[in-house]
Amino acid sequence: MQHQYLSPEPPNDFAYWVTNALQEDRLGEQLAAIDLIEFRTIRALRERIIEVIERDLNERQQLRTAPEGEEFHFREAVSFIVPTSHVARTLAEFADCMEQIGFGSLSLHFFDARLRLETGDTDFSEWLAKELGEEELGRAIAGLDPYTYTLEGLRKEVVRLVRRRLQEHAA
């Protein structure tokens with residue numbers, strides 16, 4: 001969730017390891033350049049990573065081995081999803097809840113949902129469009145590039161869009 005432009009390190013573990021452990025700067029840059037926002041499924045992202053690595057392997061004559069102690073260790077994440085006390089039934093309630101939810105909730109409904117739903121939408125944009133009939137607002141939220149915001153900035157932008165829509169309803 002870090003800002004790529006604020007961090008001199010590659011934005012993903014694969015790119016970081018290839019660059020720092022294997023000293024393969026070119027491949028590390030190619031892996032770092034993969035734009036996560038363009039993928040709708042984990043499978044598609046995985047296939048792109050494999051494609052980049054295989055293309056690099058086909059172009060080289062020698063393979064580097066990670067130094068002892070620098071091997072890549074694959075990990076698996078386990079998520080626990082628990083309900084919060086925040087529930088929205090209206091657009092106004094949604095805006096109020098957005099201002100109060102924690103970053104874990106924001107991350108789950110925004111980042112994880114894009115891959116879980118396999119549509120590029122967020123839980124927020126899907127709910128707004130399907131349950132409240134706010135298709136335009138849903139598209140605007142789904143169209144946000146979350147990697148260009150901090151989590152707090154992302155929250156503020158969603159709230160701004162929703163509050164603007166509420167003003168349009170009032171007018």
# chains A, B, ... in the order shown; residues from 1 in each chain; ligands from 1
>>> closest_atom_pairs(of="segment 16-131 of chain A", to="segment 140-157 of chain A", cutoff="10 Å", atoms="only C-alpha atoms", output="Markdown table")
| residue | atom | partner | partner_atom | distance |
| --- | --- | --- | --- | --- |
| A:Asp35 | CA | A:Tyr147 | CA | 9.4 |
| A:Leu36 | CA | A:Tyr147 | CA | 8.7 |
| A:Ile37 | CA | A:Asp145 | CA | 7.0 |
| A:Glu38 | CA | A:Asp145 | CA | 9.8 |
| A:Ala95 | CA | A:Arg155 | CA | 9.7 |
| A:Met98 | CA | A:Arg155 | CA | 6.7 |
| A:Glu99 | CA | A:Arg155 | CA | 7.1 |
| A:Gln100 | CA | A:Arg155 | CA | 9.5 |
| A:Ile101 | CA | A:Arg155 | CA | 9.1 |
| A:Gly102 | CA | A:Leu151 | CA | 9.6 |
| A:Phe103 | CA | A:Leu151 | CA | 6.6 |
| A:Gly104 | CA | A:Leu151 | CA | 9.6 |
| A:Leu106 | CA | A:Arg155 | CA | 7.5 |
| A:Ser107 | CA | A:Leu151 | CA | 7.8 |
| A:Phe110 | CA | A:Pro146 | CA | 8.0 |
| A:Phe111 | CA | A:Pro146 | CA | 7.7 |
| A:Arg114 | CA | A:Ala142 | CA | 8.7 |
| A:Thr119 | CA | A:Ala142 | CA | 9.7 |
| A:Gly120 | CA | A:Ala142 | CA | 7.0 |
| A:Asp121 | CA | A:Ala142 | CA | 5.0 |
| A:Thr122 | CA | A:Ala142 | CA | 5.9 |
| A:Asp123 | CA | A:Ala142 | CA | 9.1 |
| A:Phe124 | CA | A:Ile141 | CA | 7.6 |
| A:Ser125 | CA | A:Ala142 | CA | 5.7 |
| A:Glu126 | CA | A:Ala142 | CA | 8.4 |
| A:Leu128 | CA | A:Ile141 | CA | 9.4 |
>>> write_last_selection(atoms="N, CA and C atoms", output="mmCIF file, in the first residue's frame")
data_model
loop_
_atom_site.group_PDB
_atom_site.id
_atom_site.type_symbol
_atom_site.label_atom_id
_atom_site.label_comp_id
_atom_site.auth_asym_id
_atom_site.auth_seq_id
_atom_site.Cartn_x
_atom_site.Cartn_y
_atom_site.Cartn_z
ATOM 1 N N ASP A 35 1.754 -3.017 -13.617
ATOM 2 C CA ASP A 35 0.730 -2.166 -13.022
ATOM 3 C C ASP A 35 -0.385 -3.035 -12.443
ATOM 4 N N LEU A 36 -0.417 -3.152 -11.128
ATOM 5 C CA LEU A 36 -1.373 -4.026 -10.462
ATOM 6 C C LEU A 36 -2.825 -3.665 -10.757
ATOM 7 N N ILE A 37 -3.088 -2.409 -11.002
ATOM 8 C CA ILE A 37 -4.467 -1.954 -11.190
ATOM 9 C C ILE A 37 -5.087 -2.505 -12.474
ATOM 10 N N GLU A 38 -4.263 -2.919 -13.428
ATOM 11 C CA GLU A 38 -4.823 -3.399 -14.696
ATOM 12 C C GLU A 38 -5.275 -4.854 -14.639
ATOM 13 N N ALA A 95 -21.498 7.850 3.347
ATOM 14 C CA ALA A 95 -20.477 8.894 3.510
ATOM 15 C C ALA A 95 -20.026 8.978 4.956
ATOM 16 N N MET A 98 -17.867 5.959 5.743
ATOM 17 C CA MET A 98 -16.561 6.055 5.086
ATOM 18 C C MET A 98 -15.596 6.909 5.901
ATOM 19 N N GLU A 99 -16.132 7.923 6.566
ATOM 20 C CA GLU A 99 -15.270 8.801 7.367
ATOM 21 C C GLU A 99 -14.793 8.126 8.647
ATOM 22 N N GLN A 100 -15.431 7.021 9.024
ATOM 23 C CA GLN A 100 -15.126 6.383 10.309
ATOM 24 C C GLN A 100 -14.443 5.027 10.204
ATOM 25 N N ILE A 101 -14.591 4.326 9.075
ATOM 26 C CA ILE A 101 -14.049 2.968 9.000
ATOM 27 C C ILE A 101 -12.523 2.977 9.084
ATOM 28 N N GLY A 102 -11.976 1.861 9.543
ATOM 29 C CA GLY A 102 -10.540 1.726 9.632
ATOM 30 C C GLY A 102 -9.928 1.417 8.277
ATOM 31 N N PHE A 103 -8.607 1.533 8.227
ATOM 32 C CA PHE A 103 -7.906 1.284 6.976
ATOM 33 C C PHE A 103 -8.015 -0.180 6.546
ATOM 34 N N GLY A 104 -8.153 -1.104 7.494
ATOM 35 C CA GLY A 104 -8.332 -2.511 7.145
ATOM 36 C C GLY A 104 -9.620 -2.722 6.369
ATOM 37 N N LEU A 106 -11.238 -0.353 4.668
ATOM 38 C CA LEU A 106 -11.075 0.336 3.388
ATOM 39 C C LEU A 106 -10.276 -0.542 2.419
ATOM 40 N N SER A 107 -9.217 -1.139 2.897
ATOM 41 C CA SER A 107 -8.385 -2.000 2.065
ATOM 42 C C SER A 107 -9.159 -3.219 1.574
ATOM 43 N N PHE A 110 -11.837 -2.121 -0.967
ATOM 44 C CA PHE A 110 -11.333 -1.428 -2.152
ATOM 45 C C PHE A 110 -10.327 -2.277 -2.912
ATOM 46 N N PHE A 111 -9.248 -2.667 -2.270
ATOM 47 C CA PHE A 111 -8.171 -3.382 -2.953
ATOM 48 C C PHE A 111 -8.510 -4.857 -3.175
ATOM 49 N N ARG A 114 -11.317 -5.797 -5.798
ATOM 50 C CA ARG A 114 -11.010 -5.705 -7.232
ATOM 51 C C ARG A 114 -10.630 -7.069 -7.793
ATOM 52 N N THR A 119 -13.904 -8.036 -11.567
ATOM 53 C CA THR A 119 -14.526 -7.090 -12.492
ATOM 54 C C THR A 119 -13.782 -5.756 -12.533
ATOM 55 N N GLY A 120 -12.840 -5.559 -11.623
ATOM 56 C CA GLY A 120 -12.177 -4.269 -11.508
ATOM 57 C C GLY A 120 -12.949 -3.309 -10.632
ATOM 58 N N ASP A 121 -14.117 -3.747 -10.162
ATOM 59 C CA ASP A 121 -14.933 -2.908 -9.282
ATOM 60 C C ASP A 121 -14.487 -3.088 -7.835
ATOM 61 N N THR A 122 -14.985 -2.208 -7.000
ATOM 62 C CA THR A 122 -14.779 -2.331 -5.556
ATOM 63 C C THR A 122 -16.105 -2.749 -4.944
ATOM 64 N N ASP A 123 -16.068 -3.207 -3.704
ATOM 65 C CA ASP A 123 -17.330 -3.488 -3.014
ATOM 66 C C ASP A 123 -18.171 -2.225 -2.947
ATOM 67 N N PHE A 124 -17.505 -1.085 -2.765
ATOM 68 C CA PHE A 124 -18.220 0.184 -2.673
ATOM 69 C C PHE A 124 -18.930 0.501 -3.980
ATOM 70 N N SER A 125 -18.200 0.455 -5.090
ATOM 71 C CA SER A 125 -18.807 0.814 -6.377
ATOM 72 C C SER A 125 -19.906 -0.168 -6.762
ATOM 73 N N GLU A 126 -19.699 -1.434 -6.454
ATOM 74 C CA GLU A 126 -20.720 -2.443 -6.762
ATOM 75 C C GLU A 126 -21.997 -2.191 -5.947
ATOM 76 N N LEU A 128 -22.994 0.634 -4.469
ATOM 77 C CA LEU A 128 -23.626 1.890 -4.876
ATOM 78 C C LEU A 128 -24.434 1.725 -6.152
#
>>> select_by_dssp(residues="segment 111-149 of chain A", states="helix (DSSP H, G or I)", output="PyMOL selection string")
chain A and resi 111-117+123-132+135-142+146-148
>>> closest_residue(among="A:Ile81, A:Leu31, A:Leu63, A:Ala21", to="Arg48 of chain A", atoms="only C-alpha atoms")
A:Leu31
>>> residues_around(residues="Arg26 of chain A", least_positions_apart="3", cutoff="12 Å", atoms="only C-alpha atoms", output="list in words")
Pro10, Ala15, Tyr16, Val18, Thr19, Asn20, Leu22, Gln23, Glu29, Gln30, Leu31, Ala32, Ala33, Val52, Ile53, Arg55, Asp56, Leu57, Glu59 and Arg60 of chain A
>>> closest_residue(among="A:Asn58, A:Trp127, A:Ser105, A:Leu115", to="Arg89 of chain A", atoms="only C-alpha atoms")
A:Trp127
